[in-house]
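Participant: Quick one: the structure is below, questions incoming.
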Amino acid sequence: MSATLRRQVLELYQEVDAAVAAAGPVCVASGRCCRFKEYGHTLFLSNLEAEVLLHDAPPYDPETVSPDFCPFQQGNLCIARQPRPLACRVFYCDPNYQEIGNQITETYLRRLKELALAHNVPWRYAPLHYFLHEQKCGLRVVRAQDAEHPDTLPAAN
Ligand code: SF4
């Protein structure tokens, strides 16, 4: 990923954070939403978000990668807050926020796809542990063959 594209993704995240702040969801800081198995959901992200996350996130133990939890959660806190992906920024369990949260997700996922297209980068959407396994195995997050099947994975969490 070019430095320009990475900067544009981070700038887009600033817009996301502003949109979420304006919506004002309530967070009780339980940290449950980052313990995927306990919460019963999967964190999906695009290859653009995965590259930004893994570029700036602190080191983690690749042997612990699992679909059950996020390796960047320590205690109830995220240690990768600055590069965390879209879903982490938008998701709150506040029931009064779900509709606007979904709208924010749709808007900014579309913007991320547009960025990928503008930079001629293939688009892929997958659970976090897929990308972490790829990194562990030394594979690039974006592979040439992904360009042939860019939209074959589920598109929401
Ligand atoms: S990156 Fe941070 S916010 Fe996102 S799931 Fe992991 S610990 Fe939670």
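We label chains A, B, ... in the order they appear in the structure tokens, count residues from 1 in each chain, and number ligands from 1 in the order shown.
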As a quick test: using only C-alpha atoms and all ligand atoms, which residues lie no more than 10 Å away from ligand 1? Give them as a VMD selection string.
Facilitator: chain A and resid 31 to 36 42 to 44 50 53 to 54 57 69 to 91 128
Participant: Could you turn the residues from that selection into a file that holds C-alpha atoms, as an mmCIF file, in the first residue's frame?
Facilitator:
data_model
loop_
_atom_site.group_PDB
_atom_site.id
_atom_site.type_symbol
_atom_site.label_atom_id
_atom_site.label_comp_id
_atom_site.auth_asym_id
_atom_site.auth_seq_id
_atom_site.Cartn_x
_atom_site.Cartn_y
_atom_site.Cartn_z
ATOM 1 C CA GLY A 31 -14.679 -4.699 26.186
ATOM 2 C CA ARG A 32 -16.990 -7.578 25.278
ATOM 3 C CA CYS A 33 -17.302 -6.485 21.653
ATOM 4 C CA CYS A 34 -13.587 -7.274 21.101
ATOM 5 C CA ARG A 35 -13.980 -10.783 22.559
ATOM 6 C CA PHE A 36 -15.669 -12.124 19.468
ATOM 7 C CA THR A 42 -17.003 -11.637 13.717
ATOM 8 C CA LEU A 43 -14.901 -8.605 12.881
ATOM 9 C CA PHE A 44 -14.862 -8.181 9.115
ATOM 10 C CA ALA A 50 -5.954 -4.668 7.429
ATOM 11 C CA LEU A 53 -3.938 -1.814 11.042
ATOM 12 C CA LEU A 54 -0.953 -4.122 10.662
ATOM 13 C CA ALA A 57 -0.490 -1.790 15.417
ATOM 14 C CA PHE A 69 -10.830 -12.698 20.130
ATOM 15 C CA CYS A 70 -8.713 -9.791 18.956
ATOM 16 C CA PRO A 71 -4.997 -9.897 19.795
ATOM 17 C CA PHE A 72 -4.975 -6.137 20.166
ATOM 18 C CA GLN A 73 -7.217 -6.165 23.206
ATOM 19 C CA GLN A 74 -5.366 -5.959 26.517
ATOM 20 C CA GLY A 75 -7.575 -5.979 29.555
ATOM 21 C CA ASN A 76 -10.639 -4.170 28.286
ATOM 22 C CA LEU A 77 -8.587 -1.748 26.201
ATOM 23 C CA CYS A 78 -7.598 -1.581 22.537
ATOM 24 C CA ILE A 79 -3.852 -1.132 22.049
ATOM 25 C CA ALA A 80 -4.334 -0.393 18.330
ATOM 26 C CA ARG A 81 -6.743 2.506 18.624
ATOM 27 C CA GLN A 82 -5.172 4.796 16.064
ATOM 28 C CA PRO A 83 -5.156 2.287 13.144
ATOM 29 C CA ARG A 84 -8.163 0.200 14.215
ATOM 30 C CA PRO A 85 -10.539 -0.656 11.368
ATOM 31 C CA LEU A 86 -13.880 0.824 10.443
ATOM 32 C CA ALA A 87 -16.060 -1.689 12.283
ATOM 33 C CA CYS A 88 -14.156 -1.084 15.530
ATOM 34 C CA ARG A 89 -14.769 2.636 15.173
ATOM 35 C CA VAL A 90 -18.448 2.364 14.332
ATOM 36 C CA PHE A 91 -19.658 -0.558 16.415
ATOM 37 C CA LEU A 128 -9.618 -10.268 11.008
#
Participant: I'd like to know which of A:Leu112, A:Leu132, A:Ile100, A:Val121 is closest to Ala22 in chain A, using only C-alpha atoms.
Facilitator: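 Checking each of A:Leu112, A:Leu132, A:Ile100, A:Val121 against Ala22 in chain A, counting only C-alpha atoms, the winner is A:Ile100.
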Participant: Within chain A, find each residue whose DSSP state, derived from the backbone, is helix (DSSP H, G or I), and express the selection as a ChimeraX atom specification.
Facilitator: /A:3-23,32-34,36-39,47-56,62-64,86-90,95-118,128-136,144-148
Participant: Compile the contact shell of Arg111 in chain A as a ChimeraX atom specification: residues with an atom at most 10 Å away, counting only C-alpha atoms, same-chain residues fewer than 6 positions apart removed.
Facilitator: /A:9,12,105,117
Participant: DSSP on the backbone, then: every residue of range 3-152 of chain A marked strand (DSSP E or B), written as JSON, numbers by chain.
Facilitator: {"A": [44, 45, 46, 73, 74, 77, 78, 125, 126, 127]}
Participant: Restricting the calculation to only C-alpha atoms: of A:Ser66, A:Gln8, A:Asn102, A:Ser30, which residue gets closest to Glu114 in chain A?
Facilitator: A:Gln8
Participant: Name the residues in contact with His133 in chain A at a cut-off of 8 Å, using only C-alpha atoms, excluding same-chain residues fewer than 4 positions from it; report them as a list in words.
Facilitator: Pro62, Val65, His129 and Cys137 of chain A
Participant: Selection from above, C-alpha atoms, as an mmCIF file, in the first residue's frame, can you write it?
Facilitator:
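Saved result, again-v5.cif, follows:
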data_model
loop_
_atom_site.group_PDB
_atom_site.id
_atom_site.type_symbol
_atom_site.label_atom_id
_atom_site.label_comp_id
_atom_site.auth_asym_id
_atom_site.auth_seq_id
_atom_site.Cartn_x
_atom_site.Cartn_y
_atom_site.Cartn_z
ATOM 1 C CA PRO A 62 1.009 -14.768 15.997
ATOM 2 C CA VAL A 65 -4.359 -15.774 16.433
ATOM 3 C CA HIS A 129 -8.037 -13.639 11.706
ATOM 4 C CA CYS A 137 2.487 -17.075 6.980
#
Participant: Write out as a PyMOL selection string which residues come within 9 Å of Asn47 in chain A when counting only C-alpha atoms, dropping same-chain ones fewer than 4 positions away.
Facilitator: chain A and resi 51-52+122-126+131+141-142
Participant: With C-alpha atoms retained, could you export that selection as a PDB file, in the first residue's frame?
Facilitator:
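For reference, part-v2.pdb as written:
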ATOM      1  CA  GLU A  51      -2.874  -3.115   5.868  1.00  0.00           C
ATOM      2  CA  VAL A  52      -3.322   0.120   7.827  1.00  0.00           C
ATOM      3  CA  PRO A 122      -8.041  -5.190  -5.408  1.00  0.00           C
ATOM      4  CA  TRP A 123     -10.830  -5.233  -2.819  1.00  0.00           C
ATOM      5  CA  ARG A 124     -11.213  -8.057  -0.350  1.00  0.00           C
ATOM      6  CA  TYR A 125     -13.402  -8.336   2.737  1.00  0.00           C
ATOM      7  CA  ALA A 126     -12.670 -11.006   5.329  1.00  0.00           C
ATOM      8  CA  PHE A 131      -5.515 -11.341   7.525  1.00  0.00           C
ATOM      9  CA  VAL A 141      -2.507  -8.988   2.528  1.00  0.00           C
ATOM     10  CA  VAL A 142      -3.436  -8.341  -1.078  1.00  0.00           C
TER      11      VAL A 142
END
Participant: Which value, in Å to one decimal, gives the distance between CA of Asp68 in chain A and CA of Ala29 in chain A?
Facilitator: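 Pair CA of Asp68 in chain A / CA of Ala29 in chain A returns 18.8 Å.
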Participant: Please report the interatomic distance between CA of His55 in chain A and CA of Lys136 in chain A in Å with one decimal.
Facilitator: 13.7 Å
Participant: Please provide as a list in words all residues within 12 Å of Asn120 in chain A, with the sequence filter that same-chain residues fewer than 4 positions apart are discarded (counting only C-alpha atoms).
Facilitator: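 Here the answer would be Met1, Ser2, Leu5, Leu48, Lys113, Glu114, Leu115, Ala116, Val142 and Ala147 of chain A.
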Participant: Output C-alpha atoms for every residue in the selection just made, as an mmCIF file, in the first residue's frame.
Facilitator:
data_model
loop_
_atom_site.group_PDB
_atom_site.id
_atom_site.type_symbol
_atom_site.label_atom_id
_atom_site.label_comp_id
_atom_site.auth_asym_id
_atom_site.auth_seq_id
_atom_site.Cartn_x
_atom_site.Cartn_y
_atom_site.Cartn_z
ATOM 1 C CA MET A 1 0.000 0.000 0.000
ATOM 2 C CA SER A 2 1.330 3.417 -0.907
ATOM 3 C CA LEU A 5 -3.386 5.557 0.211
ATOM 4 C CA LEU A 48 -7.095 -1.723 2.982
ATOM 5 C CA LYS A 113 -14.071 0.752 -1.908
ATOM 6 C CA GLU A 114 -13.854 3.945 -3.943
ATOM 7 C CA LEU A 115 -10.360 4.548 -2.570
ATOM 8 C CA ALA A 116 -9.311 1.023 -3.530
ATOM 9 C CA VAL A 142 -3.436 -8.341 -1.078
ATOM 10 C CA ALA A 147 -8.231 -9.506 -7.952
#
